[in-house]
>>> print(open('protein26.cif').read())   # mmCIF, C-alpha atoms
data_upload
loop_
_atom_site.label_atom_id
_atom_site.label_comp_id
_atom_site.auth_asym_id
_atom_site.auth_seq_id
_atom_site.Cartn_x
_atom_site.Cartn_y
_atom_site.Cartn_z
CA MET A 259 203.39 -52.45 175.78
CA LYS A 260 201.35 -50.82 173.03
CA GLN A 261 198.97 -53.19 171.27
CA GLU A 262 198.84 -53.23 167.50
CA TRP A 263 195.77 -54.03 165.42
CA THR A 264 195.10 -54.33 161.70
CA PHE A 265 191.61 -53.81 160.29
CA ASP A 266 191.15 -54.99 156.72
CA SER A 267 187.45 -55.87 157.01
CA ILE A 268 184.31 -54.34 158.44
CA SER A 269 183.56 -57.50 160.40
CA GLY A 270 186.99 -57.33 162.05
CA TYR A 271 186.53 -53.70 163.08
CA ASN A 272 183.00 -54.45 164.31
CA ALA A 273 184.25 -57.35 166.43
CA PHE A 274 186.98 -55.15 167.95
CA ASN A 275 184.29 -52.65 168.99
CA ASN A 276 181.60 -55.19 170.07
CA HIS A 277 179.26 -54.57 167.15
CA GLU A 278 177.14 -56.92 165.07
CA THR A 279 177.89 -56.86 161.34
CA LEU A 280 174.70 -55.78 159.55
CA HIS A 281 176.40 -55.30 156.18
CA PRO A 282 179.71 -56.85 155.12
CA LEU A 283 181.08 -53.61 153.65
CA ILE A 284 179.85 -50.79 155.92
CA SER A 285 179.10 -50.12 159.56
CA VAL A 286 178.02 -47.28 161.83
CA LEU A 287 179.60 -47.66 165.26
CA ASP A 288 178.81 -46.43 168.76
CA TYR A 289 182.09 -46.62 170.66
CA SER A 290 180.38 -46.70 174.04
CA LYS A 291 179.69 -50.38 173.28
CA ALA A 292 183.43 -51.11 172.99
CA ASN A 293 185.43 -52.44 175.90
CA PRO A 294 187.78 -50.05 177.74
CA ARG A 295 191.24 -50.22 176.17
CA TYR A 296 194.81 -49.06 176.43
CA GLN A 297 196.88 -47.04 174.03
CA SER A 298 197.17 -48.80 170.72
CA ARG A 299 198.44 -48.67 167.17
CA MET A 300 195.83 -49.35 164.49
CA ASN A 301 196.50 -50.07 160.81
CA PHE A 302 193.52 -49.47 158.55
CA GLY A 303 192.64 -51.17 155.28
CA ILE A 304 189.20 -49.52 155.34
CA TYR A 305 187.83 -45.99 155.37
CA CYS A 306 186.86 -44.75 158.82
CA ILE A 307 185.48 -41.35 159.86
CA VAL A 308 185.48 -40.98 163.64
CA LEU A 309 183.50 -38.48 165.71
CA LYS A 310 185.07 -38.52 169.15
CA GLN A 311 183.21 -37.47 172.29
CA VAL A 312 186.01 -37.99 174.77
CA ILE A 313 189.59 -36.84 175.09
CA CYS A 314 191.49 -40.11 175.37
CA GLY A 315 194.99 -38.83 174.75
CA ASP A 316 196.98 -37.51 171.83
CA LEU A 317 196.13 -39.04 168.48
CA LYS A 318 199.18 -39.75 166.36
CA TYR A 319 198.47 -40.01 162.66
CA GLY A 320 201.44 -41.33 160.72
CA ARG A 321 204.34 -39.28 162.10
CA HIS A 322 202.16 -36.33 163.09
CA PHE A 323 199.86 -35.52 166.01
CA TYR A 324 196.32 -34.36 165.48
CA ASP A 325 195.02 -31.08 166.84
CA TYR A 326 192.62 -33.40 168.59
CA GLN A 327 189.92 -32.68 171.10
CA GLU A 328 186.33 -33.49 171.98
CA GLY A 329 184.02 -32.95 169.01
CA THR A 330 186.73 -33.59 166.42
CA LEU A 331 186.16 -35.47 163.16
CA VAL A 332 189.05 -37.69 162.14
CA PHE A 333 189.29 -39.00 158.56
CA ILE A 334 191.18 -42.24 157.97
CA SER A 335 191.70 -43.97 154.62
CA PRO A 336 193.14 -47.38 153.68
CA GLY A 337 196.87 -47.68 154.21
CA GLN A 338 197.00 -45.27 157.14
CA MET A 339 198.05 -45.92 160.70
CA VAL A 340 196.61 -44.25 163.80
CA GLU A 341 198.10 -44.34 167.29
CA VAL A 342 196.62 -43.27 170.61
CA GLU A 343 199.21 -41.90 173.05
CA ASN A 344 197.93 -41.56 176.65
CA ASN A 345 200.69 -42.77 179.00
CA GLY A 346 199.31 -46.31 178.99
CA GLU A 347 196.13 -45.48 180.90
CA LEU A 348 192.94 -47.46 180.40
CA TYR A 349 190.19 -45.41 178.73
CA GLN A 350 186.63 -45.91 177.53
CA PRO A 351 186.23 -44.81 173.89
CA LEU A 352 183.13 -42.71 173.26
CA GLY A 353 181.64 -41.30 170.10
CA HIS A 354 180.55 -42.61 166.74
CA ALA A 355 182.14 -43.72 163.51
CA LEU A 356 181.31 -44.53 159.92
CA ALA A 357 183.49 -47.31 158.52
CA PHE A 358 183.28 -48.69 155.00
CA HIS A 359 185.35 -50.99 152.80
CA PRO A 360 186.69 -49.70 149.45
CA ASP A 361 184.72 -52.48 147.71
CA LEU A 362 181.47 -50.78 148.79
CA ILE A 363 181.93 -47.87 146.40
CA ARG A 364 183.55 -49.65 143.45
CA GLY A 365 181.61 -48.93 140.25
CA THR A 366 179.81 -45.92 141.79
CA SER A 367 180.19 -42.20 141.12
CA LEU A 368 181.53 -41.85 144.66
CA ALA A 369 184.56 -43.97 143.74
CA ASN A 370 185.49 -41.38 141.10
CA ASP A 371 184.69 -38.41 143.34
CA LEU A 372 186.37 -39.64 146.52
CA PRO A 373 189.84 -38.24 145.60
CA LYS A 374 188.39 -34.71 145.62
CA TYR A 375 187.77 -34.96 149.36
CA ASN A 376 191.27 -33.86 150.24
CA PHE A 377 190.65 -34.01 153.98
CA PHE A 378 191.38 -37.75 153.93
CA GLY A 379 195.01 -36.65 153.52
CA TYR A 380 195.09 -33.95 156.21
CA HIS A 381 197.17 -34.32 159.36
CA SER A 382 198.56 -32.51 162.42
CA SER A 383 196.61 -29.32 163.27
CA GLU A 384 194.23 -29.84 160.37
CA ALA A 385 191.44 -31.91 161.94
CA LEU A 386 187.84 -30.73 161.62
CA HIS A 387 186.41 -29.19 164.79
CA LEU A 388 182.62 -29.15 164.82
CA SER A 389 180.14 -26.75 166.32
CA ALA A 390 177.20 -28.28 168.22
CA HIS A 391 174.98 -27.72 165.17
CA GLU A 392 177.48 -29.33 162.80
CA ARG A 393 177.94 -32.25 165.17
CA GLN A 394 174.19 -32.88 165.10
CA ILE A 395 174.22 -32.94 161.29
CA VAL A 396 176.99 -35.55 161.38
CA VAL A 397 175.03 -37.67 163.86
CA ASP A 398 171.92 -37.36 161.67
CA CYS A 399 173.89 -38.51 158.60
CA PHE A 400 175.20 -41.51 160.51
CA SER A 401 171.62 -42.30 161.68
CA LYS A 402 170.28 -42.32 158.12
CA ILE A 403 172.95 -44.77 157.04
CA GLN A 404 172.34 -46.91 160.12
CA MET A 405 168.62 -46.99 159.35
CA GLU A 406 169.37 -48.25 155.84
CA LEU A 407 171.63 -50.98 157.26
CA HIS A 408 168.68 -52.34 159.24
CA GLN A 409 166.72 -52.82 156.00
CA SER A 410 166.98 -56.01 153.99
CA ILE A 411 169.72 -55.68 151.35
CA ASP A 412 168.12 -55.21 147.93
CA LYS A 413 168.96 -53.63 144.56
CA HIS A 414 168.51 -50.12 146.03
CA SER A 415 170.76 -50.60 149.05
CA LYS A 416 174.12 -49.74 147.49
CA LYS A 417 172.79 -46.66 145.72
CA LEU A 418 171.08 -45.27 148.83
CA ILE A 419 174.02 -46.02 151.13
CA THR A 420 176.64 -44.46 148.84
CA ALA A 421 174.39 -41.44 148.23
CA ASN A 422 174.19 -40.88 152.00
CA ILE A 423 177.97 -41.23 152.37
CA GLU A 424 178.42 -38.65 149.61
CA LEU A 425 175.93 -36.31 151.33
CA PHE A 426 177.89 -36.66 154.56
CA LEU A 427 181.22 -35.93 152.85
CA ASN A 428 179.72 -32.88 151.13
CA TYR A 429 178.66 -31.57 154.54
CA CYS A 430 182.23 -32.12 155.72
CA GLU A 431 183.49 -30.04 152.79
CA ARG A 432 181.15 -27.24 153.89
CA PHE A 433 182.34 -27.50 157.49
CA TYR A 434 185.97 -27.33 156.38
CA ASP A 435 185.21 -24.23 154.32
CA ARG A 436 183.75 -22.70 157.47
CA GLN A 437 186.82 -23.71 159.43
CA PHE A 438 189.13 -22.10 156.86
CA ILE A 439 187.17 -18.87 157.33
CA THR A 440 187.04 -18.96 161.13
CA ARG A 441 190.78 -19.63 161.24
CA GLU A 442 191.52 -16.92 158.69
CA HIS A 443 194.02 -15.13 160.95
CA ILE A 444 195.97 -18.38 161.33
CA ASN A 445 195.79 -19.05 157.59
CA HIS A 446 196.99 -15.55 156.78
CA GLY A 447 200.00 -16.17 158.99
CA ILE A 448 200.73 -19.34 157.06
CA LEU A 449 200.58 -17.43 153.75
CA GLU A 450 203.07 -14.91 155.12
CA LYS A 451 205.36 -17.78 156.11
CA PHE A 452 204.92 -19.30 152.64
CA GLU A 453 205.94 -16.01 151.01
CA SER A 454 208.91 -15.67 153.34
CA LEU A 455 209.90 -19.29 152.69
CA LEU A 456 209.99 -18.68 148.93
CA ASN A 457 211.94 -15.44 149.28
CA THR A 458 214.52 -17.12 151.50
CA TYR A 459 214.69 -20.14 149.20
CA PHE A 460 215.54 -18.11 146.10
CA LEU A 461 218.12 -16.02 147.98
CA SER A 462 219.93 -19.21 149.00
CA ASP A 463 221.90 -21.84 147.07
CA LYS A 464 219.01 -24.30 147.28
CA PRO A 465 217.73 -23.72 143.72
CA GLN A 466 221.11 -24.83 142.35
CA GLU A 467 221.41 -27.65 144.89
CA ILE A 468 217.92 -29.18 144.81
CA GLY A 469 216.07 -27.38 142.01
CA LEU A 470 212.71 -25.61 142.02
CA PRO A 471 210.72 -25.67 145.28
CA SER A 472 207.85 -28.14 145.05
CA VAL A 473 204.48 -27.83 146.75
CA ALA A 474 205.37 -30.87 148.86
CA TYR A 475 208.65 -29.25 149.96
CA CYS A 476 206.88 -26.03 151.01
CA ALA A 477 204.13 -27.92 152.85
CA HIS A 478 206.73 -29.95 154.73
CA GLN A 479 208.67 -26.81 155.71
CA LEU A 480 205.44 -25.30 157.07
CA ASN A 481 204.52 -28.52 158.94
CA LEU A 482 201.35 -29.03 156.91
CA SER A 483 200.05 -31.89 154.80
CA VAL A 484 200.23 -31.31 151.05
CA ASN A 485 196.43 -31.52 150.72
CA TYR A 486 195.65 -29.06 153.51
CA PHE A 487 198.36 -26.65 152.35
CA GLY A 488 197.04 -26.74 148.79
CA ASP A 489 193.45 -26.18 149.90
CA LEU A 490 194.45 -23.33 152.22
CA VAL A 491 196.40 -21.47 149.51
CA LYS A 492 193.58 -21.97 146.99
CA LYS A 493 190.92 -20.68 149.38
CA GLU A 494 193.01 -17.69 150.50
CA THR A 495 194.44 -16.58 147.13
CA GLY A 496 192.27 -18.17 144.44
CA LYS A 497 195.42 -19.77 143.04
CA SER A 498 196.83 -23.24 143.49
CA ALA A 499 200.03 -23.54 145.49
CA GLN A 500 201.83 -24.51 142.28
CA GLU A 501 200.56 -21.36 140.55
CA TYR A 502 201.66 -19.29 143.54
CA ILE A 503 205.19 -20.71 143.28
CA GLN A 504 205.25 -20.16 139.51
CA ASN A 505 204.16 -16.53 139.91
CA LYS A 506 206.99 -16.00 142.41
CA ILE A 507 209.44 -17.49 139.88
CA ILE A 508 208.15 -15.13 137.16
CA ASP A 509 208.47 -12.09 139.47
CA ILE A 510 212.08 -12.98 140.28
CA ALA A 511 212.88 -13.68 136.62
CA LYS A 512 211.48 -10.25 135.67
CA ASN A 513 213.93 -8.62 138.07
CA LYS A 514 216.89 -10.75 137.02
CA VAL A 515 216.34 -10.11 133.30
CA PHE A 516 217.52 -6.51 133.76
CA GLU A 517 220.89 -7.66 135.05
CA ILE A 518 222.58 -7.11 131.71
CA ASP A 519 225.44 -9.52 132.34
CA LYS A 520 223.05 -12.46 132.76
CA THR A 521 221.81 -14.66 129.95
CA VAL A 522 218.52 -16.55 129.96
CA ASN A 523 220.54 -19.67 130.75
CA ASP A 524 222.12 -17.96 133.77
CA ILE A 525 218.71 -16.90 135.10
CA ALA A 526 217.23 -20.34 134.59
CA TYR A 527 220.12 -21.96 136.45
CA GLU A 528 219.91 -19.49 139.35
CA LEU A 529 216.19 -20.20 139.73
CA GLY A 530 216.69 -23.97 139.79
CA PHE A 531 215.57 -24.97 136.29
CA LYS A 532 217.32 -28.03 134.92
CA TYR A 533 216.69 -26.93 131.34
CA PRO A 534 216.59 -23.21 130.34
CA GLN A 535 213.82 -23.82 127.80
CA HIS A 536 211.50 -24.75 130.67
CA LEU A 537 211.87 -21.25 132.12
CA SER A 538 211.37 -19.72 128.66
CA ARG A 539 208.20 -21.75 128.16
CA LEU A 540 206.80 -20.85 131.59
CA PHE A 541 207.62 -17.15 131.16
CA LYS A 542 205.94 -17.02 127.75
CA GLN A 543 202.93 -18.88 129.10
CA LYS A 544 202.52 -16.50 132.06
CA THR A 545 203.36 -13.16 130.42
CA GLY A 546 202.76 -13.68 126.70
CA GLN A 547 206.34 -12.57 126.02
CA THR A 548 209.78 -14.11 125.86
CA LEU A 549 212.35 -13.03 128.44
CA LYS A 550 214.31 -11.17 125.78
CA ALA A 551 211.21 -9.35 124.52
CA PHE A 552 210.29 -8.41 128.09
CA ARG A 553 213.76 -6.93 128.62
CA ILE A 554 213.53 -4.87 125.38
CA HIS A 555 210.04 -3.49 126.03
CA HIS A 556 210.56 -2.66 129.69
#
>>> encode(input="protein26.cif", output="structure tokens")
Amino acid sequence: MKQEWTFDSISGYNAFNNHETLHPLISVLDYSKANPRYQSRMNFGIYCIVLKQVICGDLKYGRHFYDYQEGTLVFISPGQMVEVENNGELYQPLGHALAFHPDLIRGTSLANDLPKYNFFGYHSSEALHLSAHERQIVVDCFSKIQMELHQSIDKHSKKLITANIELFLNYCERFYDRQFITREHINHGILEKFESLLNTYFLSDKPQEIGLPSVAYCAHQLNLSVNYFGDLVKKETGKSAQEYIQNKIIDIAKNKVFEIDKTVNDIAYELGFKYPQHLSRLFKQKTGQTLKAFRIHH
């Protein structure tokens, strides 16, 4: 039977992994110190970034499986659940982790900046795979934080610790940018599927049935998290996924406007707009013209 654990405190996660608590709100862990364990389900109330050094089975993250292998960085945020699926075999966890409680960063610039690190919301085949050089940088970042935890807590501690966490996360952003480039052929295929998805959507009855396609809908259809999908489209096209969808809507509207028997209301309805004025506003915003003016001048 799969065991289930909930980690709402650093001390609780430390105890689970046989670690002393040096600071009540943050810890750097070496999983080789943990006892061998079976497959489990873990609910997190803390942030945890895990660098695995062993393949211990498939990692299920919410309802999705990670593209998960040795040398993978896994980002977990409060409210998320992680499962290890390995046919019930006993395994020895290996690797390192940085775990910190949300209270650690309250009142710091990192608290405001943390939402920009979209990779905390990635899933499935979107994990970060490190080169040997990148892995060493991660280990070095963890070591600097660990060194600070062995100092006596003083008025500088919080500032130095959060600054090192931010440095680490900025490195992760760089590594993800590299991964987007090295997987460019895969990403290009996803863009082609995105384009095909939109074309098929607007040729169907779905606009009338469920309205305009959202970014979340498209990401789900492509089996990607909303965050990863949005970042991929932005890096590949320079536009947000929402802008990409809007541009597709404008292109289709430009074609439909020359169907003389159709009014602006008809076009808006066919595209999935609940209110025709919303299409008119978007068209004017994107082209500088009204639909009627576009029809006259073209």
>>> resolve_selection(input="protein26.cif", expression="the PyMOL selection byres ((chain A and resi 276) around 9)", output="PDB file with C-alpha atoms, keeping the file's coordinate frame")
ATOM      1  CA  TYR A 271     186.530 -53.700 163.080  1.00  0.00           C
ATOM      2  CA  ASN A 272     183.000 -54.450 164.310  1.00  0.00           C
ATOM      3  CA  ALA A 273     184.250 -57.350 166.430  1.00  0.00           C
ATOM      4  CA  PHE A 274     186.980 -55.150 167.950  1.00  0.00           C
ATOM      5  CA  ASN A 275     184.290 -52.650 168.990  1.00  0.00           C
ATOM      6  CA  HIS A 277     179.260 -54.570 167.150  1.00  0.00           C
ATOM      7  CA  GLU A 278     177.140 -56.920 165.070  1.00  0.00           C
ATOM      8  CA  TYR A 289     182.090 -46.620 170.660  1.00  0.00           C
ATOM      9  CA  LYS A 291     179.690 -50.380 173.280  1.00  0.00           C
ATOM     10  CA  ALA A 292     183.430 -51.110 172.990  1.00  0.00           C
ATOM     11  CA  ASN A 293     185.430 -52.440 175.900  1.00  0.00           C
TER      12      ASN A 293
END
>>> resolve_selection(input="protein26.cif", expression="the PyMOL selection byres ((chain A and resi 529) around 8)", output="list in words")
Phe460, Pro465, Gln466, Gly469, Leu470, Ile507, Ala511, Ile525, Ala526, Tyr527, Glu528, Gly530 and Phe531 of chain A
>>> closest_residue(input="protein26.cif", among="A:Ala385, A:Leu490, A:Val332, A:Leu461", to="Gly447 of chain A", atoms="all atoms listed in the file")
A:Leu490
>>> axis_aligned_box(input="protein26.cif", around="segment 423-431 of chain A", padding_each_side="5 Å", output="AutoDock Vina command-line options")
--center_x 179.7 --center_y -35.6 --center_z 152.7 --size_x 17.6 --size_y 21.2 --size_z 16.1
>>> resolve_selection(input="protein26.cif", expression="the PyMOL selection byres ((chain A and resi 395) around 12)", output="PyMOL selection string")
chain A and resi 309+388-394+396-402+425-430+432-433
>>> atom_distance(input="protein26.cif", atom1="atom CA of Val473 of chain A", atom2="atom CA of Ala499 of chain A")
6.3 Å
>>> atom_distance(input="protein26.cif", atom1="atom CA of Glu517 of chain A", atom2="atom CA of Ser454 of chain A")
23.3 Å
>>> residues_near_point(input="protein26.cif", point="(177.0, -46.2, 158.2)", cutoff="7 Å", atoms="all atoms listed in the file", output="list in words")
Ile284, Ser285, Val286, Leu356, Ala357, Phe400, Ile403 and Gln404 of chain A
>>> residues_near_point(input="protein26.cif", point="(190.0, -39.4, 157.0)", cutoff="8 Å", atoms="all atoms listed in the file", output="PyMOL selection string")
chain A and resi 305-307+332-335+377-380
>>> residues_around(input="protein26.cif", residues="Phe541 of chain A", least_positions_apart="3", cutoff="12 Å", atoms="only C-alpha atoms", output="ChimeraX atom specification")
/A:504-512,515,522,525-526,534-538,544-552
>>> atom_distance(input="protein26.cif", atom1="atom CA of Ile304 of chain A", atom2="atom CA of Arg364 of chain A")
13.2 Å
>>> residues_around(input="protein26.cif", residues="Ser498 of chain A", least_positions_apart="6", cutoff="9 Å", atoms="only C-alpha atoms", output="list in words")
Gly488, Asp489, Val491 and Lys492 of chain A
>>> residues_around(input="protein26.cif", residues="Leu362 of chain A", least_positions_apart="2", cutoff="12 Å", atoms="all atoms listed in the file", output="PyMOL selection string")
chain A and resi 267-268+281-285+304-305+357-360+364-369+415-421+423
>>> decode(input="protein26.cif", residues="segment 458-504 of chain A", atoms="C-alpha atoms", output="compact mmCIF listing (two decimals), in the first residue's frame")
# COMPACT_ATOMS: atom_id res chain seq x y z
CA THR A 458 -9.40 22.98 -36.67
CA TYR A 459 -11.10 24.76 -33.79
CA PHE A 460 -12.41 27.62 -35.93
CA LEU A 461 -13.58 25.24 -38.67
CA SER A 462 -15.68 23.36 -36.11
CA ASP A 463 -18.78 24.26 -34.10
CA LYS A 464 -16.72 24.73 -30.94
CA PRO A 465 -16.62 28.56 -31.09
CA GLN A 466 -20.43 28.63 -30.94
CA GLU A 467 -20.55 25.86 -28.34
CA ILE A 468 -17.80 26.89 -25.91
CA GLY A 469 -16.62 30.31 -27.10
CA LEU A 470 -13.13 31.58 -27.88
CA PRO A 471 -10.23 29.15 -27.33
CA SER A 472 -8.34 30.03 -24.16
CA VAL A 473 -4.63 29.55 -23.56
CA ALA A 474 -5.49 26.95 -20.91
CA TYR A 475 -7.68 25.04 -23.39
CA CYS A 476 -4.90 24.97 -26.01
CA ALA A 477 -2.26 23.92 -23.47
CA HIS A 478 -4.49 21.10 -22.26
CA GLN A 479 -5.12 19.88 -25.81
CA LEU A 480 -1.35 19.81 -26.40
CA ASN A 481 -0.70 18.00 -23.08
CA LEU A 482 1.35 20.89 -21.69
CA SER A 483 1.09 22.99 -18.56
CA VAL A 484 -0.20 26.52 -19.11
CA ASN A 485 3.08 28.03 -17.86
CA TYR A 486 5.35 25.92 -20.06
CA PHE A 487 3.12 26.39 -23.10
CA GLY A 488 3.07 30.16 -22.60
CA ASP A 489 6.85 30.33 -22.18
CA LEU A 490 7.45 28.13 -25.22
CA VAL A 491 5.23 30.24 -27.50
CA LYS A 492 6.81 33.47 -26.22
CA LYS A 493 10.36 32.22 -26.77
CA GLU A 494 9.60 30.81 -30.23
CA THR A 495 7.44 33.63 -31.64
CA GLY A 496 8.09 36.69 -29.48
CA LYS A 497 4.35 36.83 -28.79
CA SER A 498 2.36 35.58 -25.84
CA ALA A 499 0.06 32.63 -26.45
CA GLN A 500 -2.91 34.97 -25.97
CA GLU A 501 -1.55 37.34 -28.63
CA TYR A 502 -1.00 34.38 -30.96
CA ILE A 503 -4.66 33.34 -30.55
CA GLN A 504 -5.85 36.92 -31.05
